[in-house]
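For reference, target00.txt is printed below; it contains compact mmCIF, N, CA and C atoms.
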```
# COMPACT_ATOMS: atom_id res chain seq x y z
N MET H 1 134.25 61.57 145.33
CA MET H 1 132.84 61.22 145.53
C MET H 1 132.18 60.93 144.17
N MET H 2 131.49 59.82 144.11
CA MET H 2 130.84 59.41 142.87
C MET H 2 129.50 60.13 142.70
N THR H 3 129.11 60.36 141.45
CA THR H 3 127.79 60.92 141.20
C THR H 3 126.75 59.82 141.41
N ALA H 4 125.50 60.23 141.55
CA ALA H 4 124.41 59.26 141.72
C ALA H 4 124.37 58.29 140.54
N LYS H 5 124.58 58.82 139.34
CA LYS H 5 124.55 57.95 138.15
C LYS H 5 125.70 56.95 138.17
N GLU H 6 126.90 57.38 138.57
CA GLU H 6 128.04 56.46 138.65
C GLU H 6 127.79 55.35 139.67
N VAL H 7 127.20 55.72 140.80
CA VAL H 7 126.86 54.72 141.82
C VAL H 7 125.84 53.73 141.25
N ALA H 8 124.83 54.27 140.59
CA ALA H 8 123.77 53.43 140.02
C ALA H 8 124.34 52.45 139.00
N LEU H 9 125.21 52.93 138.14
CA LEU H 9 125.79 52.06 137.11
C LEU H 9 126.74 51.03 137.72
N ALA H 10 127.48 51.41 138.76
CA ALA H 10 128.39 50.47 139.41
C ALA H 10 127.61 49.32 140.06
N VAL H 11 126.53 49.63 140.73
CA VAL H 11 125.75 48.57 141.39
C VAL H 11 124.97 47.76 140.36
N THR H 12 124.58 48.38 139.26
CA THR H 12 123.93 47.64 138.17
C THR H 12 124.89 46.58 137.61
N LYS H 13 126.13 46.98 137.36
CA LYS H 13 127.15 46.04 136.85
C LYS H 13 127.39 44.92 137.86
N ALA H 14 127.42 45.26 139.15
CA ALA H 14 127.65 44.25 140.19
C ALA H 14 126.55 43.19 140.17
N LEU H 15 125.30 43.62 140.07
CA LEU H 15 124.19 42.66 140.04
C LEU H 15 124.25 41.82 138.77
N ASP H 16 124.64 42.43 137.67
CA ASP H 16 124.76 41.70 136.41
C ASP H 16 125.87 40.64 136.49
N GLU H 17 126.98 40.99 137.12
CA GLU H 17 128.10 40.03 137.27
C GLU H 17 127.67 38.79 138.05
N LYS H 18 126.74 38.97 138.98
CA LYS H 18 126.27 37.85 139.81
C LYS H 18 124.98 37.24 139.25
N LYS H 19 124.74 37.47 137.96
CA LYS H 19 123.62 36.85 137.24
C LYS H 19 122.24 37.30 137.72
N GLY H 20 122.15 38.59 138.11
CA GLY H 20 120.84 39.15 138.40
C GLY H 20 119.98 39.10 137.15
N ILE H 21 118.69 38.90 137.33
CA ILE H 21 117.76 38.68 136.22
C ILE H 21 116.91 39.94 136.00
N ASP H 22 116.69 40.29 134.74
CA ASP H 22 115.77 41.38 134.35
C ASP H 22 116.06 42.67 135.14
N ILE H 23 117.29 43.15 135.03
CA ILE H 23 117.72 44.34 135.76
C ILE H 23 117.14 45.59 135.10
N LYS H 24 116.51 46.42 135.92
CA LYS H 24 115.95 47.69 135.43
C LYS H 24 116.44 48.82 136.34
N LEU H 25 116.85 49.91 135.71
CA LEU H 25 117.28 51.09 136.45
C LEU H 25 116.31 52.22 136.12
N LEU H 26 115.64 52.72 137.15
CA LEU H 26 114.67 53.80 136.97
C LEU H 26 115.21 55.08 137.56
N LYS H 27 115.22 56.13 136.79
CA LYS H 27 115.63 57.47 137.26
C LYS H 27 114.37 58.13 137.81
N ILE H 28 114.31 58.24 139.13
CA ILE H 28 113.07 58.70 139.78
C ILE H 28 113.16 60.12 140.34
N ASP H 29 114.27 60.80 140.11
CA ASP H 29 114.47 62.11 140.76
C ASP H 29 113.41 63.14 140.38
N ARG H 30 112.77 62.99 139.23
CA ARG H 30 111.75 63.95 138.82
C ARG H 30 110.37 63.63 139.39
N VAL H 31 110.19 62.40 139.88
CA VAL H 31 108.88 61.99 140.38
C VAL H 31 108.87 61.69 141.88
N SER H 32 110.04 61.74 142.53
CA SER H 32 110.11 61.44 143.95
C SER H 32 111.35 62.08 144.58
N SER H 33 111.23 62.37 145.87
CA SER H 33 112.39 62.87 146.61
C SER H 33 113.07 61.74 147.40
N LEU H 34 112.60 60.51 147.24
CA LEU H 34 113.16 59.38 147.98
C LEU H 34 114.61 59.10 147.60
N ALA H 35 114.91 59.22 146.33
CA ALA H 35 116.25 58.88 145.82
C ALA H 35 116.33 59.40 144.39
N ASP H 36 117.51 59.27 143.79
CA ASP H 36 117.66 59.62 142.38
C ASP H 36 117.33 58.43 141.48
N TYR H 37 117.65 57.21 141.97
CA TYR H 37 117.46 56.01 141.17
C TYR H 37 116.88 54.88 142.00
N PHE H 38 116.06 54.06 141.36
CA PHE H 38 115.65 52.76 141.88
C PHE H 38 116.25 51.72 140.94
N LEU H 39 116.92 50.74 141.50
CA LEU H 39 117.44 49.62 140.73
C LEU H 39 116.64 48.39 141.14
N ILE H 40 116.06 47.73 140.15
CA ILE H 40 115.19 46.58 140.41
C ILE H 40 115.79 45.36 139.71
N CYS H 41 115.80 44.25 140.43
CA CYS H 41 116.46 43.04 139.92
C CYS H 41 115.78 41.82 140.52
N THR H 42 115.84 40.70 139.79
CA THR H 42 115.28 39.44 140.29
C THR H 42 116.41 38.44 140.51
N GLY H 43 116.28 37.71 141.62
CA GLY H 43 117.15 36.57 141.88
C GLY H 43 116.35 35.30 141.70
N ASN H 44 117.02 34.19 141.35
CA ASN H 44 116.26 32.96 141.06
C ASN H 44 115.91 32.14 142.30
N SER H 45 116.31 32.60 143.49
CA SER H 45 115.97 31.94 144.76
C SER H 45 116.24 32.93 145.88
N SER H 46 115.76 32.61 147.09
CA SER H 46 116.04 33.50 148.22
C SER H 46 117.54 33.57 148.50
N THR H 47 118.26 32.48 148.26
CA THR H 47 119.72 32.47 148.44
C THR H 47 120.38 33.40 147.42
N HIS H 48 119.90 33.36 146.18
CA HIS H 48 120.45 34.23 145.13
C HIS H 48 120.16 35.69 145.46
N VAL H 49 118.96 35.98 145.97
CA VAL H 49 118.61 37.36 146.39
C VAL H 49 119.63 37.85 147.41
N LYS H 50 119.93 37.03 148.41
CA LYS H 50 120.88 37.43 149.45
C LYS H 50 122.28 37.62 148.87
N THR H 51 122.70 36.72 147.98
CA THR H 51 124.02 36.82 147.34
C THR H 51 124.12 38.12 146.55
N LEU H 52 123.09 38.43 145.76
CA LEU H 52 123.09 39.67 144.98
C LEU H 52 123.22 40.89 145.89
N CYS H 53 122.47 40.90 146.97
CA CYS H 53 122.51 42.04 147.90
C CYS H 53 123.86 42.16 148.59
N ASP H 54 124.38 41.03 149.04
CA ASP H 54 125.69 41.05 149.71
C ASP H 54 126.77 41.59 148.77
N TYR H 55 126.72 41.17 147.51
CA TYR H 55 127.73 41.62 146.55
C TYR H 55 127.56 43.10 146.21
N ALA H 56 126.33 43.53 146.05
CA ALA H 56 126.07 44.96 145.78
C ALA H 56 126.60 45.81 146.93
N GLU H 57 126.34 45.38 148.15
CA GLU H 57 126.83 46.10 149.33
C GLU H 57 128.36 46.13 149.35
N TYR H 58 128.98 45.00 149.08
CA TYR H 58 130.44 44.91 149.06
C TYR H 58 131.05 45.85 148.02
N VAL H 59 130.53 45.79 146.80
CA VAL H 59 131.09 46.59 145.71
C VAL H 59 130.98 48.08 146.02
N LEU H 60 129.82 48.52 146.49
CA LEU H 60 129.66 49.95 146.75
C LEU H 60 130.47 50.40 147.95
N GLU H 61 130.59 49.56 148.97
CA GLU H 61 131.44 49.94 150.10
C GLU H 61 132.90 50.05 149.68
N GLU H 62 133.34 49.16 148.78
CA GLU H 62 134.71 49.24 148.24
C GLU H 62 134.92 50.55 147.48
N LEU H 63 133.85 51.06 146.87
CA LEU H 63 133.92 52.32 146.12
C LEU H 63 133.69 53.54 147.03
N GLY H 64 133.55 53.30 148.34
CA GLY H 64 133.39 54.39 149.28
C GLY H 64 131.96 54.89 149.43
N GLU H 65 130.99 54.07 149.03
CA GLU H 65 129.58 54.44 149.15
C GLU H 65 128.96 53.62 150.27
N PRO H 66 128.85 54.19 151.47
CA PRO H 66 128.30 53.42 152.59
C PRO H 66 126.79 53.21 152.43
N MET H 67 126.34 52.05 152.88
CA MET H 67 124.93 51.74 152.85
C MET H 67 124.25 52.40 154.05
N LEU H 68 123.11 53.02 153.82
CA LEU H 68 122.36 53.68 154.89
C LEU H 68 121.42 52.72 155.59
N GLY H 69 120.97 51.70 154.86
CA GLY H 69 120.06 50.74 155.47
C GLY H 69 119.83 49.54 154.58
N ARG H 70 119.47 48.43 155.23
CA ARG H 70 119.16 47.19 154.49
C ARG H 70 117.96 46.55 155.17
N GLU H 71 116.95 46.29 154.38
CA GLU H 71 115.73 45.69 154.91
C GLU H 71 115.47 44.39 154.16
N GLY H 72 115.12 43.36 154.91
CA GLY H 72 114.73 42.10 154.29
C GLY H 72 113.24 41.90 154.48
N HIS H 73 112.65 41.05 153.67
CA HIS H 73 111.21 40.84 153.78
C HIS H 73 110.88 39.38 153.53
N ARG H 74 110.16 38.78 154.45
CA ARG H 74 109.63 37.42 154.32
C ARG H 74 110.62 36.42 153.75
N GLY H 75 111.61 36.08 154.51
CA GLY H 75 112.53 35.02 154.10
C GLY H 75 113.28 35.30 152.82
N ASN H 76 113.74 36.54 152.69
CA ASN H 76 114.55 36.93 151.53
C ASN H 76 113.81 36.86 150.19
N SER H 77 112.49 37.07 150.20
CA SER H 77 111.80 37.17 148.91
C SER H 77 111.99 38.56 148.32
N TRP H 78 112.39 39.51 149.18
CA TRP H 78 112.65 40.87 148.73
C TRP H 78 113.63 41.51 149.71
N GLU H 79 114.69 42.09 149.18
CA GLU H 79 115.60 42.88 150.01
C GLU H 79 115.76 44.25 149.39
N LEU H 80 115.91 45.22 150.25
CA LEU H 80 116.07 46.61 149.83
C LEU H 80 117.37 47.12 150.43
N LEU H 81 118.20 47.75 149.60
CA LEU H 81 119.44 48.37 150.04
C LEU H 81 119.34 49.86 149.75
N ASP H 82 119.52 50.66 150.77
CA ASP H 82 119.41 52.12 150.62
C ASP H 82 120.81 52.73 150.67
N PHE H 83 121.22 53.31 149.55
CA PHE H 83 122.50 54.01 149.48
C PHE H 83 122.30 55.51 149.35
N GLY H 84 121.13 56.01 149.73
CA GLY H 84 120.85 57.44 149.65
C GLY H 84 120.38 57.84 148.27
N SER H 85 121.31 58.00 147.35
CA SER H 85 120.94 58.44 146.00
C SER H 85 120.35 57.30 145.17
N ILE H 86 120.59 56.06 145.59
CA ILE H 86 120.04 54.90 144.89
C ILE H 86 119.50 53.89 145.89
N VAL H 87 118.33 53.37 145.56
CA VAL H 87 117.73 52.30 146.37
C VAL H 87 117.66 51.06 145.48
N VAL H 88 118.25 49.98 145.99
CA VAL H 88 118.32 48.73 145.25
C VAL H 88 117.24 47.79 145.79
N HIS H 89 116.43 47.25 144.88
CA HIS H 89 115.39 46.28 145.24
C HIS H 89 115.73 44.97 144.55
N VAL H 90 115.92 43.90 145.33
CA VAL H 90 116.17 42.59 144.74
C VAL H 90 115.07 41.64 145.22
N PHE H 91 114.38 41.04 144.27
CA PHE H 91 113.21 40.21 144.55
C PHE H 91 113.41 38.79 144.05
N THR H 92 112.63 37.86 144.63
CA THR H 92 112.38 36.60 143.93
C THR H 92 111.37 36.95 142.84
N ASP H 93 111.21 36.07 141.86
CA ASP H 93 110.30 36.33 140.75
C ASP H 93 108.88 36.57 141.24
N GLU H 94 108.42 35.74 142.15
CA GLU H 94 107.05 35.86 142.68
C GLU H 94 106.84 37.19 143.39
N ALA H 95 107.79 37.59 144.22
CA ALA H 95 107.67 38.86 144.94
C ALA H 95 107.72 40.04 143.98
N ARG H 96 108.55 39.96 142.96
CA ARG H 96 108.64 41.07 142.00
C ARG H 96 107.32 41.26 141.28
N LYS H 97 106.70 40.16 140.88
CA LYS H 97 105.40 40.26 140.22
C LYS H 97 104.35 40.83 141.17
N PHE H 98 104.41 40.43 142.43
CA PHE H 98 103.44 40.89 143.43
C PHE H 98 103.55 42.40 143.66
N TYR H 99 104.76 42.89 143.88
CA TYR H 99 104.95 44.31 144.19
C TYR H 99 104.93 45.20 142.95
N ASP H 100 105.35 44.67 141.81
CA ASP H 100 105.26 45.35 140.52
C ASP H 100 105.71 46.81 140.57
N LEU H 101 106.93 47.03 141.04
CA LEU H 101 107.45 48.40 141.18
C LEU H 101 107.53 49.13 139.85
N GLU H 102 107.79 48.40 138.77
CA GLU H 102 107.85 49.07 137.47
C GLU H 102 106.52 49.75 137.14
N ARG H 103 105.41 49.11 137.50
CA ARG H 103 104.10 49.72 137.26
C ARG H 103 103.88 50.90 138.22
N LEU H 104 104.24 50.70 139.49
CA LEU H 104 104.07 51.77 140.48
C LEU H 104 104.87 53.02 140.12
N TRP H 105 106.03 52.81 139.52
CA TRP H 105 106.93 53.91 139.16
C TRP H 105 106.97 54.12 137.65
N ALA H 106 105.84 53.92 137.00
CA ALA H 106 105.76 54.02 135.54
C ALA H 106 106.11 55.41 135.02
N ASP H 107 105.98 56.44 135.86
CA ASP H 107 106.32 57.80 135.44
C ASP H 107 107.82 58.06 135.45
N ALA H 108 108.59 57.15 136.03
CA ALA H 108 110.04 57.32 136.08
C ALA H 108 110.65 57.04 134.71
N GLU H 109 111.82 57.61 134.49
CA GLU H 109 112.56 57.38 133.25
C GLU H 109 113.35 56.07 133.37
N GLN H 110 113.17 55.16 132.42
CA GLN H 110 113.94 53.91 132.44
C GLN H 110 115.27 54.15 131.74
N VAL H 111 116.37 53.87 132.44
CA VAL H 111 117.71 54.08 131.91
C VAL H 111 118.06 52.91 130.98
N ASP H 112 118.59 53.23 129.81
CA ASP H 112 119.02 52.20 128.85
C ASP H 112 120.31 51.57 129.36
N LEU H 113 120.26 50.27 129.64
CA LEU H 113 121.42 49.57 130.21
C LEU H 113 122.14 48.69 129.20
N ALA H 114 121.72 48.75 127.94
CA ALA H 114 122.29 47.87 126.92
C ALA H 114 123.81 47.95 126.85
N SER H 115 124.35 49.13 127.05
CA SER H 115 125.80 49.31 126.89
C SER H 115 126.59 48.81 128.10
N ILE H 116 125.93 48.55 129.24
CA ILE H 116 126.70 48.11 130.41
C ILE H 116 126.41 46.70 130.87
N LEU H 117 125.30 46.12 130.43
CA LEU H 117 125.00 44.75 130.85
C LEU H 117 125.73 43.75 129.95
N LEU H 118 126.13 42.64 130.55
CA LEU H 118 126.81 41.59 129.80
C LEU H 118 125.81 40.91 128.88
N PRO H 119 126.24 40.52 127.66
CA PRO H 119 125.31 39.81 126.79
C PRO H 119 124.96 38.45 127.41
N ASP H 120 123.74 38.01 127.19
CA ASP H 120 123.30 36.72 127.78
C ASP H 120 124.07 35.55 127.25
```
Can you give me the file's structure in the form of structure tokens?
Amino acid sequence: MMTAKEVALAVTKALDEKKGIDIKLLKIDRVSSLADYFLICTGNSSTHVKTLCDYAEYVLEELGEPMLGREGHRGNSWELLDFGSIVVHVFTDEARKFYDLERLWADAEQVDLASILLPD
């Protein structure tokens, strides 16, 4: 069984491999009981959002982490994947700016991803 952090880093790498944009990992366990981590990412189109989500789901299921739920919103402008300890949010740029989860969860600890993300 993987730790919450291992799951979070695995799905972060998966989104990065599929060219997810502006990936942020927030450690929210001290400010919420919803999950341990929120992963936020932007896709460059509704098709890219769906591709990112499908790949994240595939990678985590291959690692033995079943998805608890998947919600889509308004023609794939935002999808949410719930893996229990981590909730993945993938937005189009417009939807990400609208919902502004980073501001809503400003009290959360932002995880430094420099060591795991591919250089641009």
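Using only N, CA and C atoms, the nearest neighbour of Val88 of chain H within the list H:Leu34, H:Ile40, H:Leu26, H:Val59 is H:Ile40.
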Counting all atoms listed in the file, closest pick from H:Leu9, H:Leu80, H:Ile28, H:Val90 relative to Thr42 of chain H is H:Val90
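The interatomic distance for the pair atom C of Leu52 of chain H and atom N of Lys19 of chain H works out to 8.8 Å.
Nearest residue to Leu113 of chain H among H:Tyr55, H:Lys24, H:Gly75, H:Glu62 is H:Lys24, counting all atoms listed in the file.
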Practice problem: Any chance you could list, as a PyMOL selection string, the residues in segment 2-115 of chain H that come up helix (DSSP H, G or I) when DSSP is run on the backbone? | Solution: chain H and resi 4-17+46-62+93-99+101-104
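The nearest approach to Val49 of chain H among the residues H:Phe83, H:Phe91, H:Tyr99, H:Tyr37, with all atoms listed in the file taken into account, belongs to H:Phe91.
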Using only C-alpha atoms, the shortest atom-to-atom distance to Met67 of chain H among H:Val11, H:Asp100, H:Lys5, H:Ser46 belongs to H:Val11
Determine the axis-aligned bounding box of all atoms of segment 66-81 of chain H present in the file, pad each side by 3 Å, and express its centre and edge lengths in Å to one decimal place as AutoDock Vina command-line options.
```
--center_x 119.2 --center_y 44.6 --center_z 152.0 --size_x 25.2 --size_y 25.2 --size_z 13.3
```
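Using all atoms listed in the file for every distance, the candidate list H:Ile86, H:Ala56, H:Val7, H:Ile21 yields H:Ile86 as the residue closest to Asp36 of chain H.
A straight line drawn from atom C of Phe98 of chain H to atom N of Leu25 of chain H is 17.2 Å long.
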